[in-house]
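Listing of run_22.csv, CSV, C-alpha atoms
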chain,number,residue,atom,x,y,z
A,25,MET,CA,0.0,0.0,0.0
A,26,THR,CA,1.1,3.5,-0.7
A,27,THR,CA,0.2,6.3,1.7
A,28,LEU,CA,-0.2,9.8,0.1
A,29,ARG,CA,-0.5,13.0,1.9
A,30,ILE,CA,-0.8,16.7,1.1
A,31,ALA,CA,1.6,18.6,3.3
A,32,ARG,CA,3.8,21.7,3.5
A,33,ARG,CA,7.1,21.9,5.3
A,34,ARG,CA,7.6,24.6,8.0
A,35,GLN,CA,11.1,25.5,9.1
A,36,GLY,CA,11.6,24.3,12.7
A,37,LEU,CA,8.1,22.8,13.0
A,38,LYS,CA,6.4,19.6,12.1
A,39,PRO,CA,4.9,19.6,8.6
A,40,GLU,CA,1.3,20.9,8.3
A,41,VAL,CA,-0.8,18.1,6.8
A,42,LEU,CA,-3.9,18.9,4.8
A,43,GLY,CA,-5.0,15.3,4.2
A,44,GLU,CA,-3.6,11.7,4.2
A,45,TRP,CA,-4.9,8.7,2.2
A,46,ILE,CA,-4.1,5.0,1.8
A,47,VAL,CA,-3.7,4.2,-2.0
A,48,ARG,CA,-3.1,0.7,-3.3
A,49,PRO,CA,-0.4,0.4,-6.0
A,50,ASP,CA,-3.0,-0.7,-8.5
A,51,GLU,CA,-4.9,2.6,-7.9
A,52,TYR,CA,-1.9,4.8,-8.5
A,53,PRO,CA,-1.7,7.0,-10.6
A,54,GLU,CA,-5.0,6.7,-12.4
A,55,SER,CA,-8.0,6.2,-10.1
A,56,PRO,CA,-10.9,8.3,-8.9
A,57,LYS,CA,-9.2,8.4,-5.4
A,58,VAL,CA,-5.9,9.8,-6.8
A,59,ALA,CA,-7.8,12.2,-9.0
A,60,TYR,CA,-9.6,13.5,-5.9
A,61,ILE,CA,-6.3,13.9,-4.1
A,62,GLN,CA,-4.8,15.8,-7.0
A,63,ARG,CA,-7.9,18.1,-7.0
A,64,CYS,CA,-7.4,18.8,-3.3
A,65,LEU,CA,-3.8,19.6,-3.9
A,66,ALA,CA,-4.6,21.9,-6.8
A,67,GLU,CA,-7.2,23.7,-4.6
A,68,ALA,CA,-4.7,24.2,-1.8
A,69,GLN,CA,-2.1,25.5,-4.2
A,70,THR,CA,-4.6,27.9,-5.7
A,71,GLU,CA,-5.8,29.2,-2.4
A,72,GLU,CA,-2.3,29.6,-0.9
A,73,PRO,CA,0.1,29.7,-3.9
A,74,ASP,CA,3.1,30.6,-1.7
A,75,ALA,CA,2.4,28.1,1.1
A,76,GLY,CA,4.4,25.2,-0.6
A,77,TRP,CA,1.7,22.5,-0.5
A,78,THR,CA,3.1,19.3,-2.1
A,79,LEU,CA,2.0,15.7,-2.6
A,80,GLU,CA,4.2,13.3,-0.5
A,81,THR,CA,4.5,9.6,-0.2
A,82,ARG,CA,6.1,7.3,2.3
A,83,GLY,CA,9.6,6.0,1.4
A,84,THR,CA,11.8,3.3,2.6
A,85,GLU,CA,14.9,5.5,3.3
A,86,VAL,CA,13.1,8.7,4.2
A,87,SER,CA,9.9,8.9,6.2
A,88,TRP,CA,8.1,11.2,3.7
A,89,HIS,CA,9.2,12.7,0.5
A,90,PRO,CA,7.6,14.7,-2.3
A,91,ILE,CA,6.5,13.1,-5.5
A,92,GLN,CA,5.7,14.5,-8.9
A,93,VAL,CA,2.0,15.0,-9.8

Can I see the file as structure tokens?
Amino acid sequence: MTTLRIARRRQGLKPEVLGEWIVRPDEYPESPKVAYIQRCLAEAQTEEPDAGWTLETRGTEVSWHPIQV
């Protein structure tokens, strides 16, 4: 399973998380759930263009890391 989240990094603080979802590998990248997550990310980026909202996934070497949308 892949866990996706929309988050923004804040210097010296824990990341602010807008939402977090469990996505199965067969659902990524083309499923209604992933499309919904991408719409949420686009809305957050539109509302706060300078906030630095990104889509992140869990990794094996690093806890969370950004992924390309």

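Restricting the calculation to all atoms listed in the file, the smallest distance between Leu79 of chain A and any of A:Val47, A:Glu54, A:Arg32, A:Lys38 is found for A:Arg32.
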
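For the pair atom CA of Asp74 of chain A and atom CA of Glu44 of chain A, the separation is 20.9 Å.
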
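With distances taken from (-5.0, 18.4, -4.6) and restricted to only C-alpha atoms, the residues inside 10 Å are Arg29, Ile30, Leu42, Gly43, Val58, Ala59, Tyr60, Ile61, Gln62, Arg63, Cys64, Leu65, Ala66, Glu67, Ala68, Gln69, Thr70, Trp77, Thr78, Leu79 and Val93 of chain A.
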
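Comparing A:Pro39, A:Pro56, A:Thr27, A:Trp45 by their smallest distance to Thr81 of chain A, the closest is A:Thr27 (using only C-alpha atoms).
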
For a cut-off of 10 Å around (-4.2, 0.3, -4.6), file coordinates, pick out all residues using all atoms listed in the file and list them as an NGL selection string. :A and (25-27 or 46-53 or 55 or 57-58)

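Interatomic distance, atom CA of Glu80 of chain A to atom CA of Ala31 of chain A: 7.0 Å.
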
With the input short on atoms, add N, CA, C and O atoms back to segment 64-88 of chain A and write it as a compact mmCIF listing (two decimals), in the coordinates of the input.
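Printed below is part-v7.txt as written:
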# COMPACT_ATOMS: atom_id res chain seq x y z
N CYS A 64 -7.63 18.13 -4.60
CA CYS A 64 -7.40 18.80 -3.30
C CYS A 64 -6.10 19.54 -3.27
O CYS A 64 -6.03 20.65 -2.76
N LEU A 65 -5.05 18.93 -3.84
CA LEU A 65 -3.80 19.60 -3.90
C LEU A 65 -3.85 20.86 -4.76
O LEU A 65 -3.35 21.92 -4.36
N ALA A 66 -4.49 20.78 -5.92
CA ALA A 66 -4.60 21.90 -6.80
C ALA A 66 -5.40 23.07 -6.11
O ALA A 66 -5.03 24.24 -6.22
N GLU A 67 -6.46 22.72 -5.37
CA GLU A 67 -7.20 23.70 -4.60
C GLU A 67 -6.37 24.41 -3.57
O GLU A 67 -6.40 25.63 -3.42
N ALA A 68 -5.61 23.61 -2.82
CA ALA A 68 -4.70 24.20 -1.80
C ALA A 68 -3.69 25.09 -2.39
O ALA A 68 -3.40 26.17 -1.86
N GLN A 69 -3.11 24.68 -3.52
CA GLN A 69 -2.10 25.50 -4.20
C GLN A 69 -2.69 26.77 -4.76
O GLN A 69 -2.03 27.81 -4.81
N THR A 70 -3.95 26.72 -5.19
CA THR A 70 -4.60 27.90 -5.70
C THR A 70 -4.96 28.88 -4.59
O THR A 70 -4.76 30.09 -4.73
N GLU A 71 -5.47 28.36 -3.48
CA GLU A 71 -5.80 29.20 -2.40
C GLU A 71 -4.64 29.83 -1.67
O GLU A 71 -4.70 30.96 -1.19
N GLU A 72 -3.54 29.08 -1.59
CA GLU A 72 -2.30 29.60 -0.90
C GLU A 72 -1.12 29.27 -1.83
O GLU A 72 -0.36 28.34 -1.58
N PRO A 73 -0.94 30.06 -2.89
CA PRO A 73 0.10 29.70 -3.90
C PRO A 73 1.54 29.77 -3.30
O PRO A 73 2.41 29.09 -3.82
N ASP A 74 1.77 30.51 -2.24
CA ASP A 74 3.10 30.60 -1.70
C ASP A 74 3.33 29.71 -0.47
O ASP A 74 4.39 29.76 0.16
N ALA A 75 2.35 28.87 -0.14
CA ALA A 75 2.40 28.10 1.10
C ALA A 75 3.32 26.82 0.90
O ALA A 75 3.79 26.26 1.87
N GLY A 76 3.52 26.37 -0.34
CA GLY A 76 4.40 25.20 -0.60
C GLY A 76 3.73 23.87 -0.37
O GLY A 76 4.39 22.90 0.01
N TRP A 77 2.42 23.77 -0.65
CA TRP A 77 1.70 22.50 -0.50
C TRP A 77 2.27 21.52 -1.59
O TRP A 77 2.41 21.88 -2.75
N THR A 78 2.59 20.29 -1.18
CA THR A 78 3.10 19.30 -2.10
C THR A 78 2.42 17.93 -1.78
O THR A 78 1.90 17.73 -0.69
N LEU A 79 2.48 17.05 -2.75
CA LEU A 79 2.00 15.70 -2.60
C LEU A 79 3.22 14.86 -2.14
O LEU A 79 4.27 14.91 -2.78
N GLU A 80 3.08 14.11 -1.05
CA GLU A 80 4.20 13.30 -0.50
C GLU A 80 3.76 11.86 -0.39
O GLU A 80 2.57 11.55 -0.28
N THR A 81 4.75 10.99 -0.40
CA THR A 81 4.50 9.60 -0.20
C THR A 81 5.52 9.04 0.82
O THR A 81 6.56 9.66 1.04
N ARG A 82 5.19 7.91 1.42
CA ARG A 82 6.10 7.30 2.30
C ARG A 82 7.23 6.59 1.55
O ARG A 82 6.97 5.96 0.54
N GLY A 83 8.46 6.70 2.03
CA GLY A 83 9.60 6.00 1.40
C GLY A 83 10.20 5.01 2.29
O GLY A 83 9.80 4.87 3.44
N THR A 84 11.18 4.30 1.78
CA THR A 84 11.80 3.30 2.60
C THR A 84 13.05 3.90 3.33
O THR A 84 13.35 3.50 4.43
N GLU A 85 13.71 4.87 2.70
CA GLU A 85 14.90 5.50 3.30
C GLU A 85 14.55 6.74 4.08
O GLU A 85 15.21 7.10 5.04
N VAL A 86 13.54 7.43 3.63
CA VAL A 86 13.10 8.70 4.20
C VAL A 86 11.65 8.52 4.60
O VAL A 86 10.88 7.92 3.85
N SER A 87 11.26 9.04 5.74
CA SER A 87 9.90 8.90 6.20
C SER A 87 8.88 9.37 5.15
O SER A 87 8.01 8.65 4.71
N TRP A 88 8.97 10.62 4.76
CA TRP A 88 8.10 11.20 3.70
C TRP A 88 8.93 11.95 2.74
O TRP A 88 9.91 12.58 3.10
